[in-house]
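Enquirer: Next comes the structure file upload_0.tsv, holding TSV, C-alpha atoms and all ligand atoms.
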```
chain	number	residue	atom	x	y	z
A	1	MET	CA	85.05	-156.25	-49.25
A	2	SER	CA	81.89	-157.27	-51.06
A	3	SER	CA	80.98	-159.76	-48.34
A	4	LYS	CA	81.47	-157.03	-45.72
A	5	ARG	CA	79.16	-154.73	-47.66
A	6	ASN	CA	76.61	-157.54	-47.94
A	7	ARG	CA	76.77	-158.12	-44.21
A	8	HIS	CA	76.28	-154.41	-43.66
A	9	LYS	CA	73.28	-154.49	-46.02
A	10	THR	CA	71.79	-157.49	-44.20
A	11	ASN	CA	72.19	-155.77	-40.83
A	12	LEU	CA	70.54	-152.64	-42.17
A	13	LEU	CA	67.66	-154.71	-43.59
A	14	LEU	CA	67.21	-156.53	-40.27
A	15	SER	CA	67.14	-153.21	-38.40
A	16	VAL	CA	64.51	-151.82	-40.75
A	17	LEU	CA	62.45	-154.99	-40.43
A	18	PHE	CA	62.75	-154.78	-36.64
A	19	ILE	CA	61.49	-151.20	-36.63
A	20	LEU	CA	58.72	-151.90	-39.12
A	21	LEU	CA	57.42	-155.22	-37.80
A	22	VAL	CA	58.61	-156.23	-34.35
A	23	ILE	CA	58.15	-152.92	-32.51
A	24	PRO	CA	54.57	-152.32	-33.78
A	25	ALA	CA	53.72	-155.98	-33.01
A	26	PHE	CA	55.01	-155.51	-29.47
A	27	ILE	CA	53.05	-152.27	-29.03
A	28	ALA	CA	49.93	-153.98	-30.38
A	29	PHE	CA	50.45	-156.92	-28.02
A	30	VAL	CA	50.77	-154.62	-25.00
A	31	TYR	CA	47.72	-152.62	-26.11
A	32	PHE	CA	45.45	-155.64	-26.55
A	33	ALA	CA	46.68	-157.32	-23.38
A	34	THR	CA	45.78	-154.15	-21.45
A	35	GLN	CA	42.38	-153.91	-23.14
A	36	LYS	CA	41.64	-157.53	-22.27
A	37	MET	CA	42.51	-156.89	-18.64
A	38	VAL	CA	40.24	-153.86	-18.55
A	39	ILE	CA	37.33	-155.75	-20.14
A	40	GLY	CA	37.91	-158.71	-17.82
A	41	ALA	CA	37.80	-156.47	-14.74
A	42	ALA	CA	34.66	-154.67	-15.90
A	43	GLY	CA	33.02	-157.99	-16.79
A	44	SER	CA	33.19	-159.51	-13.32
A	45	VAL	CA	29.87	-159.64	-11.51
A	46	ASN	CA	29.36	-160.20	-7.77
A	47	TYR	CA	26.22	-162.23	-7.12
A	48	VAL	CA	24.93	-162.61	-3.55
A	49	ALA	CA	22.03	-164.97	-2.76
A	50	LEU	CA	20.00	-164.29	0.39
A	51	GLY	CA	17.29	-166.60	1.61
A	52	ASP	CA	16.27	-169.80	3.31
A	53	SER	CA	16.48	-173.52	2.56
A	54	ILE	CA	15.18	-173.02	-0.98
A	55	SER	CA	18.19	-170.92	-1.98
A	56	ALA	CA	20.50	-173.08	0.15
A	57	GLY	CA	19.53	-176.12	-1.94
A	58	TYR	CA	18.36	-178.06	1.11
A	59	GLY	CA	17.78	-181.77	0.57
A	60	LEU	CA	19.40	-181.98	-2.84
A	61	PRO	CA	21.92	-184.79	-3.38
A	62	ASP	CA	24.41	-182.02	-4.19
A	63	SER	CA	23.48	-178.55	-3.00
A	64	SER	CA	25.83	-177.00	-5.56
A	65	HIS	CA	23.18	-177.99	-8.13
A	66	GLY	CA	20.51	-175.81	-6.55
A	67	TRP	CA	18.83	-173.01	-8.47
A	68	VAL	CA	21.28	-170.38	-7.16
A	69	SER	CA	24.26	-172.11	-8.78
A	70	THR	CA	22.32	-172.59	-12.00
A	71	PHE	CA	21.23	-168.96	-12.08
A	72	ASN	CA	24.82	-167.89	-11.39
A	73	GLY	CA	25.82	-169.85	-14.50
A	74	ASN	CA	22.98	-168.18	-16.43
A	75	ILE	CA	24.28	-164.70	-15.55
A	76	ALA	CA	27.79	-165.64	-16.70
A	77	ASN	CA	26.47	-167.15	-19.93
A	78	ASP	CA	23.87	-164.53	-20.79
A	79	GLU	CA	26.11	-161.52	-20.17
A	80	ALA	CA	29.40	-163.18	-21.23
A	81	VAL	CA	30.97	-162.20	-17.91
A	82	SER	CA	32.73	-163.94	-15.06
A	83	THR	CA	30.77	-164.13	-11.80
A	84	ASN	CA	31.62	-164.45	-8.13
A	85	LEU	CA	28.85	-166.32	-6.34
A	86	ASN	CA	28.35	-165.85	-2.61
A	87	ASN	CA	25.42	-167.98	-1.46
A	88	LEU	CA	24.51	-166.78	2.04
A	89	ALA	CA	21.17	-168.59	2.26
A	90	ILE	CA	20.47	-170.37	5.56
A	91	PRO	CA	17.87	-173.14	5.96
A	92	SER	CA	14.86	-172.30	8.21
A	93	LEU	CA	15.60	-168.57	8.15
A	94	PRO	CA	12.40	-166.52	8.58
A	95	SER	CA	12.25	-162.94	7.30
A	96	SER	CA	12.90	-161.51	10.80
A	97	ASP	CA	16.18	-163.42	11.03
A	98	LEU	CA	17.19	-162.41	7.52
A	99	LEU	CA	16.58	-158.78	8.46
A	100	ASN	CA	18.71	-159.26	11.57
A	101	LYS	CA	21.52	-160.79	9.48
A	102	VAL	CA	21.40	-157.92	6.99
A	103	LYS	CA	21.50	-155.39	9.80
A	104	THR	CA	24.17	-156.91	12.04
A	105	ASP	CA	26.19	-159.71	10.41
A	106	THR	CA	29.47	-158.35	9.06
A	107	VAL	CA	29.80	-161.16	6.50
A	108	PHE	CA	26.36	-160.34	5.10
A	109	ARG	CA	26.96	-156.60	5.15
A	110	SER	CA	30.31	-156.81	3.44
A	111	ALA	CA	28.97	-159.11	0.70
A	112	ILE	CA	25.92	-156.91	0.13
A	113	SER	CA	27.96	-153.73	-0.09
A	114	SER	CA	29.99	-155.03	-3.04
A	115	ALA	CA	27.21	-156.95	-4.83
A	116	ASP	CA	25.99	-156.33	-8.39
A	117	PHE	CA	23.23	-158.96	-8.25
A	118	ILE	CA	21.21	-159.92	-5.17
A	119	THR	CA	18.47	-162.53	-5.14
A	120	ILE	CA	16.14	-162.90	-2.18
A	121	ASP	CA	13.82	-165.70	-1.17
A	122	THR	CA	12.16	-165.00	2.12
A	123	GLY	CA	8.70	-165.47	3.60
A	124	THR	CA	8.23	-169.18	2.98
A	125	VAL	CA	9.42	-169.99	6.51
A	126	ASP	CA	7.13	-167.31	8.04
A	127	TRP	CA	4.13	-168.82	6.27
A	128	TRP	CA	5.19	-172.43	6.79
A	129	VAL	CA	5.71	-172.05	10.56
A	130	ALA	CA	2.23	-170.54	10.97
A	131	ARG	CA	0.76	-173.43	9.01
A	132	TRP	CA	2.84	-175.95	10.96
A	133	ASN	CA	1.35	-174.45	14.12
A	134	GLY	CA	-2.09	-175.18	12.71
A	135	CYS	CA	-3.01	-171.67	11.64
A	136	SER	CA	-5.95	-171.61	9.26
A	137	SER	CA	-7.55	-168.21	9.78
A	138	SER	CA	-6.88	-164.50	9.71
A	139	VAL	CA	-6.51	-164.43	13.51
A	140	CYS	CA	-3.06	-166.01	13.34
A	141	PHE	CA	-2.16	-165.11	9.73
A	142	ASP	CA	-2.74	-161.36	10.04
A	143	PRO	CA	0.22	-160.77	12.36
A	144	VAL	CA	2.42	-163.02	10.16
A	145	LEU	CA	1.51	-160.94	7.12
A	146	ALA	CA	2.07	-157.64	8.93
A	147	THR	CA	5.49	-158.72	10.19
A	148	TYR	CA	6.46	-159.98	6.76
A	149	LYS	CA	5.53	-156.69	5.08
A	150	SER	CA	7.55	-154.70	7.55
A	151	ASN	CA	10.56	-157.05	7.28
A	152	PHE	CA	10.43	-157.03	3.48
A	153	ASP	CA	10.64	-153.24	3.34
A	154	ALA	CA	13.33	-153.08	6.01
A	155	ILE	CA	15.51	-155.70	4.27
A	156	ILE	CA	15.40	-153.85	0.94
A	157	SER	CA	15.96	-150.52	2.65
A	158	GLU	CA	19.02	-151.81	4.54
A	159	ILE	CA	20.46	-153.38	1.37
A	160	ARG	CA	20.05	-150.07	-0.48
A	161	THR	CA	21.73	-148.24	2.39
A	162	LEU	CA	24.68	-150.61	2.28
A	163	ASN	CA	24.97	-150.59	-1.50
A	164	THR	CA	24.23	-147.42	-3.44
A	165	LYS	CA	25.43	-148.65	-6.87
A	166	SER	CA	23.05	-147.29	-9.50
A	167	ASN	CA	23.09	-150.62	-11.34
A	168	LEU	CA	22.59	-152.86	-8.30
A	169	TYR	CA	19.98	-155.42	-9.33
A	170	ILE	CA	17.76	-157.07	-6.75
A	171	SER	CA	15.31	-159.78	-7.75
A	172	VAL	CA	12.87	-161.41	-5.38
A	173	MET	CA	11.29	-164.84	-5.52
A	174	ASN	CA	7.62	-165.04	-4.61
A	175	LEU	CA	6.13	-167.97	-2.70
A	176	TYR	CA	4.83	-171.22	-4.14
A	177	ASN	CA	2.30	-173.36	-2.29
A	178	PRO	CA	3.34	-177.04	-2.10
A	179	TYR	CA	0.20	-177.89	-0.10
A	180	VAL	CA	-2.39	-176.51	-2.49
A	181	ALA	CA	-3.84	-180.01	-3.05
A	182	VAL	CA	-3.92	-181.04	0.64
A	183	ASP	CA	-5.07	-177.76	2.21
A	184	THR	CA	-8.40	-177.43	0.44
A	185	ALA	CA	-10.26	-177.47	3.77
A	186	TYR	CA	-8.22	-174.43	4.91
A	187	PRO	CA	-8.55	-171.78	2.20
A	188	ALA	CA	-7.04	-169.05	4.41
A	189	ARG	CA	-3.62	-170.66	4.09
A	190	ASP	CA	-3.45	-170.17	0.35
A	191	GLN	CA	-5.16	-166.79	0.60
A	192	TYR	CA	-2.45	-165.49	2.92
A	193	LEU	CA	0.32	-166.94	0.79
A	194	GLN	CA	-1.17	-165.03	-2.14
A	195	LEU	CA	-1.47	-161.87	-0.03
A	196	MET	CA	2.26	-162.14	0.68
A	197	ASN	CA	2.84	-162.55	-3.06
A	198	SER	CA	0.67	-159.51	-3.81
A	199	TYR	CA	2.79	-157.50	-1.43
A	200	ILE	CA	6.00	-158.72	-3.09
A	201	ALA	CA	4.59	-157.71	-6.50
A	202	THR	CA	3.38	-154.27	-5.42
A	203	ARG	CA	6.46	-153.30	-3.46
A	204	SER	CA	8.82	-154.65	-6.10
A	205	THR	CA	7.18	-152.48	-8.73
A	206	SER	CA	7.55	-149.35	-6.64
A	207	LEU	CA	11.07	-150.23	-5.47
A	208	GLY	CA	12.35	-151.26	-8.92
A	209	LEU	CA	13.02	-154.92	-8.06
A	210	GLY	CA	12.70	-157.87	-10.39
A	211	VAL	CA	10.12	-160.48	-9.37
A	212	ALA	CA	10.64	-164.16	-10.09
A	213	ASP	CA	7.07	-165.44	-10.33
A	214	VAL	CA	7.82	-168.94	-9.07
A	215	HIS	CA	4.24	-169.19	-7.78
A	216	LYS	CA	2.96	-169.03	-11.35
A	217	ALA	CA	5.45	-171.66	-12.52
A	218	PHE	CA	4.65	-174.02	-9.62
A	219	ASN	CA	0.92	-173.34	-9.05
A	220	GLY	CA	-0.12	-172.10	-12.49
A	221	ALA	CA	-1.84	-168.86	-13.45
A	222	SER	CA	-4.96	-170.08	-11.61
A	223	GLY	CA	-2.94	-170.76	-8.46
A	224	THR	CA	-4.59	-174.16	-8.11
A	225	GLU	CA	-2.08	-176.40	-9.90
A	226	ASP	CA	-0.27	-178.91	-7.70
A	227	PRO	CA	3.54	-178.66	-7.92
A	228	VAL	CA	3.86	-182.10	-6.29
A	229	ALA	CA	2.05	-183.63	-9.26
A	230	LYS	CA	4.45	-181.80	-11.58
A	231	GLY	CA	7.47	-183.39	-9.87
A	232	TYR	CA	8.72	-180.03	-8.59
A	233	ILE	CA	8.70	-181.02	-4.89
A	234	GLN	CA	10.88	-183.41	-2.87
A	235	THR	CA	9.41	-186.31	-0.91
A	236	ASP	CA	9.35	-184.08	2.20
A	237	GLY	CA	6.40	-182.35	0.55
A	238	LEU	CA	7.91	-178.87	0.89
A	239	HIS	CA	11.31	-178.30	-0.73
A	240	PRO	CA	11.89	-178.06	-4.47
A	241	SER	CA	13.20	-181.20	-6.18
A	242	GLN	CA	16.09	-181.06	-8.62
A	243	THR	CA	13.50	-180.45	-11.34
A	244	GLY	CA	11.90	-177.73	-9.21
A	245	HIS	CA	15.27	-176.03	-8.76
A	246	GLY	CA	15.75	-176.03	-12.53
A	247	VAL	CA	12.36	-174.35	-12.93
A	248	ILE	CA	13.17	-171.69	-10.31
A	249	ALA	CA	16.51	-170.86	-11.97
A	250	ASP	CA	14.76	-170.53	-15.31
A	251	VAL	CA	12.10	-168.21	-13.87
A	252	PHE	CA	14.82	-165.94	-12.42
A	253	ARG	CA	16.72	-166.03	-15.71
A	254	ARG	CA	13.68	-165.02	-17.76
A	255	VAL	CA	12.44	-162.11	-15.65
A	256	ASP	CA	11.68	-159.28	-18.10
A	257	THR	CA	10.46	-156.43	-15.93
A	258	ASP	CA	9.76	-153.93	-18.72
A	259	GLY	CA	8.45	-156.49	-21.21
A	260	ASP	CA	10.72	-155.50	-24.13
A	261	ALA	CA	11.69	-159.14	-24.91
A	262	CYS	CA	15.15	-158.69	-23.36
A	263	THR	CA	15.57	-160.25	-19.90
A	264	ASP	CA	16.65	-158.11	-16.95
A	265	VAL	CA	19.90	-160.11	-16.76
A	266	LYS	CA	20.64	-159.38	-20.43
A	267	GLU	CA	19.87	-155.67	-20.13
A	268	LEU	CA	22.23	-155.36	-17.16
A	269	GLY	CA	25.14	-156.85	-19.11
A	270	PRO	CA	28.19	-154.89	-20.32
A	271	ASP	CA	27.74	-155.57	-24.06
A	272	HIS	CA	24.93	-153.87	-26.01
A	273	LYS	CA	25.28	-156.47	-28.76
A	274	LEU	CA	24.00	-159.10	-26.31
A	275	GLY	CA	21.18	-156.79	-25.18
A	276	GLY	CA	23.24	-155.11	-22.46
A	277	GLN	CA	24.00	-151.48	-21.57
A	278	ARG	CA	20.25	-150.97	-21.34
A	279	ASP	CA	17.63	-150.28	-18.68
A	280	TYR	CA	15.49	-153.21	-17.49
A	281	LYS	CA	12.82	-150.65	-16.52
A	282	ASN	CA	12.67	-148.96	-19.93
A	283	LYS	CA	10.49	-150.79	-22.46
A	284	TRP	CA	11.66	-148.71	-25.44
A	285	ASP	CA	15.45	-149.05	-25.37
A	286	PHE	CA	15.69	-152.08	-27.68
A	287	TYR	CA	14.56	-151.25	-31.23
A	288	SER	CA	12.74	-154.48	-31.99
A	289	VAL	CA	9.19	-154.08	-33.35
A	290	PRO	CA	6.36	-156.36	-34.47
A	291	VAL	CA	7.28	-157.77	-37.91
A	292	PRO	CA	5.75	-157.45	-40.44
A	293	ALA	CA	4.12	-154.03	-39.93
A	294	LEU	CA	0.94	-154.78	-38.00
A	295	PHE	CA	-1.34	-153.02	-40.50
A	296	ALA	CA	0.06	-155.34	-43.23
A	297	ALA	CA	0.09	-158.58	-41.21
A	298	PRO	CA	-2.34	-161.35	-42.27
A	299	ASP	CA	-3.05	-162.09	-38.57
A	300	PRO	CA	-1.73	-159.19	-36.48
A	301	THR	CA	-2.94	-160.77	-33.21
A	302	LYS	CA	0.02	-163.16	-33.48
A	303	VAL	CA	2.68	-160.51	-34.20
A	304	PHE	CA	4.85	-159.11	-31.39
A	305	ALA	CA	8.31	-157.61	-30.95
A	306	ASP	CA	10.92	-160.33	-30.41
A	307	SER	CA	14.46	-160.47	-29.01
A	308	ALA	CA	16.30	-159.85	-32.30
A	309	ILE	CA	16.63	-156.72	-34.45
A	310	SER	CA	16.76	-157.52	-38.16
A	311	ALA	CA	16.52	-155.45	-41.34
A	312	ALA	CA	12.82	-156.41	-41.34
A	313	ASP	CA	12.33	-154.39	-38.11
A	314	ALA	CA	13.64	-151.28	-39.88
A	315	ASP	CA	11.42	-152.13	-42.89
A	316	ALA	CA	8.34	-152.33	-40.64
A	317	VAL	CA	9.15	-148.94	-39.09
A	318	TYR	CA	9.65	-147.53	-42.58
A	319	ALA	CA	6.25	-148.91	-43.62
A	320	TYR	CA	4.64	-146.89	-40.81
A	321	PHE	CA	6.62	-143.80	-41.92
A	322	LYS	CA	5.23	-144.30	-45.45
A	323	LYS	CA	1.74	-144.34	-43.91
A	324	ALA	CA	2.61	-140.96	-42.30
A	325	ALA	CA	1.72	-142.55	-38.95
A	326	LYS	CA	1.68	-140.08	-36.10
A	327	ASN	CA	-0.22	-139.32	-32.92
A	328	GLY	CA	-3.93	-139.35	-33.81
A	329	SER	CA	-3.64	-141.16	-37.16
A	330	ALA	CA	-5.52	-144.43	-37.60
A	331	GLU	CA	-2.43	-146.68	-37.90
A	332	TYR	CA	-0.84	-145.03	-34.87
A	333	GLU	CA	-3.87	-145.22	-32.58
A	334	GLN	CA	-5.14	-148.73	-33.30
A	335	ASP	CA	-4.08	-151.84	-31.40
A	336	LEU	CA	-4.19	-154.63	-33.97
A	337	ASN	CA	-2.12	-157.10	-31.93
A	338	LYS	CA	-4.35	-156.43	-28.91
A	339	ASN	CA	-1.48	-156.11	-26.42
A	340	GLY	CA	-2.93	-152.98	-24.79
A	341	ILE	CA	-0.33	-150.73	-26.45
A	342	LYS	CA	-1.12	-148.36	-29.32
A	343	ASP	CA	0.54	-149.84	-32.41
A	344	GLY	CA	2.14	-146.47	-33.22
A	345	LEU	CA	3.96	-146.48	-29.87
A	346	GLU	CA	5.43	-149.87	-30.68
A	347	TYR	CA	7.20	-148.44	-33.77
A	348	ASP	CA	7.81	-144.85	-32.68
A	349	ARG	CA	11.09	-143.71	-31.07
A	350	GLY	CA	12.74	-140.32	-30.65
A	351	PRO	CA	16.18	-138.88	-31.34
A	352	LEU	CA	19.15	-140.62	-29.68
A	353	PRO	CA	19.60	-139.18	-26.17
A	354	ASP	CA	23.34	-139.98	-26.46
A	355	PRO	CA	24.76	-140.08	-30.03
A	356	SER	CA	27.75	-142.08	-28.75
A	357	LYS	CA	25.25	-144.89	-28.00
A	358	PRO	CA	23.47	-145.44	-31.33
A	359	TRP	CA	21.83	-148.63	-30.04
A	360	LEU	CA	19.76	-146.69	-27.45
A	361	PRO	CA	16.76	-145.01	-29.11
A	362	GLY	CA	15.03	-142.11	-27.43
A	363	PRO	CA	11.43	-142.20	-26.20
A	364	ALA	CA	8.55	-141.98	-28.70
A	365	ASP	CA	8.01	-138.43	-29.97
A	366	GLY	CA	4.60	-138.88	-31.60
A	367	VAL	CA	5.80	-139.19	-35.20
A	368	ILE	CA	7.14	-142.28	-36.98
A	369	GLY	CA	9.69	-140.64	-39.23
A	370	ALA	CA	12.32	-141.87	-41.68
A	371	SER	CA	14.83	-141.13	-38.89
A	372	ASP	CA	13.07	-143.75	-36.72
A	373	ALA	CA	13.63	-146.36	-39.45
A	374	GLN	CA	17.26	-145.24	-39.67
A	375	GLU	CA	17.69	-145.74	-35.92
A	376	ALA	CA	16.23	-149.24	-36.16
A	377	PHE	CA	18.48	-149.97	-39.12
A	378	ALA	CA	21.52	-148.73	-37.16
A	379	SER	CA	20.65	-151.15	-34.32
A	380	PHE	CA	20.40	-153.98	-36.84
A	381	LYS	CA	23.77	-153.03	-38.37
A	382	LEU	CA	25.33	-153.03	-34.90
A	383	GLY	CA	24.10	-156.62	-34.56
A	384	ASP	CA	22.21	-156.12	-31.30
A	385	ASN	CA	20.40	-159.29	-30.25
A	386	CYS	CA	19.25	-160.30	-26.77
A	387	THR	CA	18.08	-163.83	-27.59
A	388	LEU	CA	18.92	-166.36	-24.86
A	389	ARG	CA	21.42	-168.97	-25.98
A	401	CA	CA	13.46	-156.17	-20.58
A	402	CA	CA	14.67	-152.26	-21.55
A	403	CA	CA	-0.30	-152.95	-30.12
A	404	CA	CA	9.67	-140.87	-33.83
```
Translate the structure of the given file into structure tokens.
Expert:
Amino acid sequence: MSSKRNRHKTNLLLSVLFILLVIPAFIAFVYFATQKMVIGAAGSVNYVALGDSISAGYGLPDSSHGWVSTFNGNIANDEAVSTNLNNLAIPSLPSSDLLNKVKTDTVFRSAISSADFITIDTGTVDWWVARWNGCSSSVCFDPVLATYKSNFDAIISEIRTLNTKSNLYISVMNLYNPYVAVDTAYPARDQYLQLMNSYIATRSTSLGLGVADVHKAFNGASGTEDPVAKGYIQTDGLHPSQTGHGVIADVFRRVDTDGDACTDVKELGPDHKLGGQRDYKNKWDFYSVPVPALFAAPDPTKVFADSAISAADADAVYAYFKKAAKNGSAEYEQDLNKNGIKDGLEYDRGPLPDPSKPWLPGPADGVIGASDAQEAFASFKLGDNCTLR
């Protein structure tokens, strides 16, 4: 009898244990598995590369090591997402042919319509063909430039018609000049290349595109540096070498359109802790400030906001609050780090536009209050950091 009672007791105990431990564990397992699936689905990014031989990786020992593949890996790494790369670049494709592809090719149109990231390199072939034909003056370059401008606008317009996602990101590579050292007798060639680049810069600003300033990386800020001498060009004298491809990928990766120390790629990501869930066209949505407070810095000309938010950022904001800094006050109006931005604006933010997103400060409201310091401190506590790793 006693053994029967014991068995009964054991069974009862096992049932209780089952209810208390196994069922909740199973529910938790199902819950987290579902969450993971949801995050995985949201974290997948479609990247489409449009362009010519530069994006196609022409002439490389292994074209899968071109800048497009590297940049695709950068997106995955920087945003902690999975990516689907569709490289549709075609060697020798001038801008007119790219426009035609975008307008009529079903493969292109389908890929564009579901893209999250699009990179474009176009114009090099237009310019190169004119040069190859011996063009060295405005007579033959003017029509090339006019056609390019019109194609550029039409390509972007068609892409935006096909894909109306609010977070579609398009970044455009400008043109480098591989012949800068050999074309010194024909200045019009470089002048027109730079006119094409000016157009890319102007239109990209008004259309909200990122610009990868490859020209600056290859030809320097002066435009006169020789990329061949830097080892960026293959022996054909035109296409980027493996080193050159690495440089191009890095330029695309580091594009920071609004200049808030978080890259466009980072800001577009799904995780605010990595710098994501932000706007790459809003300079004030990452609460990093110059540290220490500029008015207290031994050499303020060397102090700028960086890509990490620490307790010291909140301290610096608080220091401006203690100075009662506001529109019109000395500390607010001066520009001690000489970056062309009133120091007060660099520390000032407004109330959170969306309290469910405490990492997204509101625009400056003219007063650096204790609440500003609290917002900065909240961002620090959340651990937001957009540093590239
Ligand atoms: Ca940025
Ligand atoms: Ca931003
Ligand atoms: Ca300043
Ligand atoms: Ca404020």
Enquirer: Neighbouring residues of ligand CA 403 (chain A) are defined here as those with any atom at most 6 Å from a ligand atom, counting all atoms listed in the file; list them as a PyMOL selection string.
Expert: chain A and resi 335-343
Enquirer: From the set A:Gln374, A:Thr119, A:Asn385, A:Asn100, which residue has the shortest atom-to-atom contact distance to Arg253 (chain A), counting all atoms listed in the file?
Expert: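 Closest residue, counting all atoms listed in the file: A:Thr119.
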Enquirer: Mind listing the residues within 7 Å of ligand CA 401 (chain A), all atoms listed in the file counted, as a ChimeraX atom specification?
Expert: /A:256-264,267,280-281,283
Enquirer: Which polymer residues, protein or nucleic acid, are no farther than 10 Å from (18.2, -174.5, 7.2), counting only C-alpha atoms, as a ChimeraX atom specification?
Expert: /A:51-59,89-94,125
Enquirer: What gap, in Å, lies between CA of Asn197 (chain A) and CA of Val144 (chain A)?
Expert: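 CA of Val144 (chain A) lies 13.2 Å from CA of Asn197 (chain A).
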Enquirer: Go ahead and compute the interatomic distance for CA of Thr70 (chain A) and atom CA of ligand CA 402 (chain A), in Å to one decimal.
Expert: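 Separation of CA of Thr70 (chain A) and atom CA of ligand CA 402 (chain A): 23.7 Å.
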Enquirer: Please check which protein, DNA or RNA residues sit within 10 Å of ligand CA 404 (chain A), counting only C-alpha atoms and all ligand atoms, and write them as a PyMOL selection string.
Expert: chain A and resi 317+321+325-326+344-345+347-351+361-373+375
Enquirer: Please determine, counting all atoms listed in the file, which residue among A:Val180, A:Leu268, A:Ala312, A:Leu274 has the shortest atom-to-atom distance to ligand CA 402 (chain A).
Expert: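 Between A:Val180, A:Leu268, A:Ala312, A:Leu274, the residue approaching ligand CA 402 (chain A) most closely is A:Leu268.
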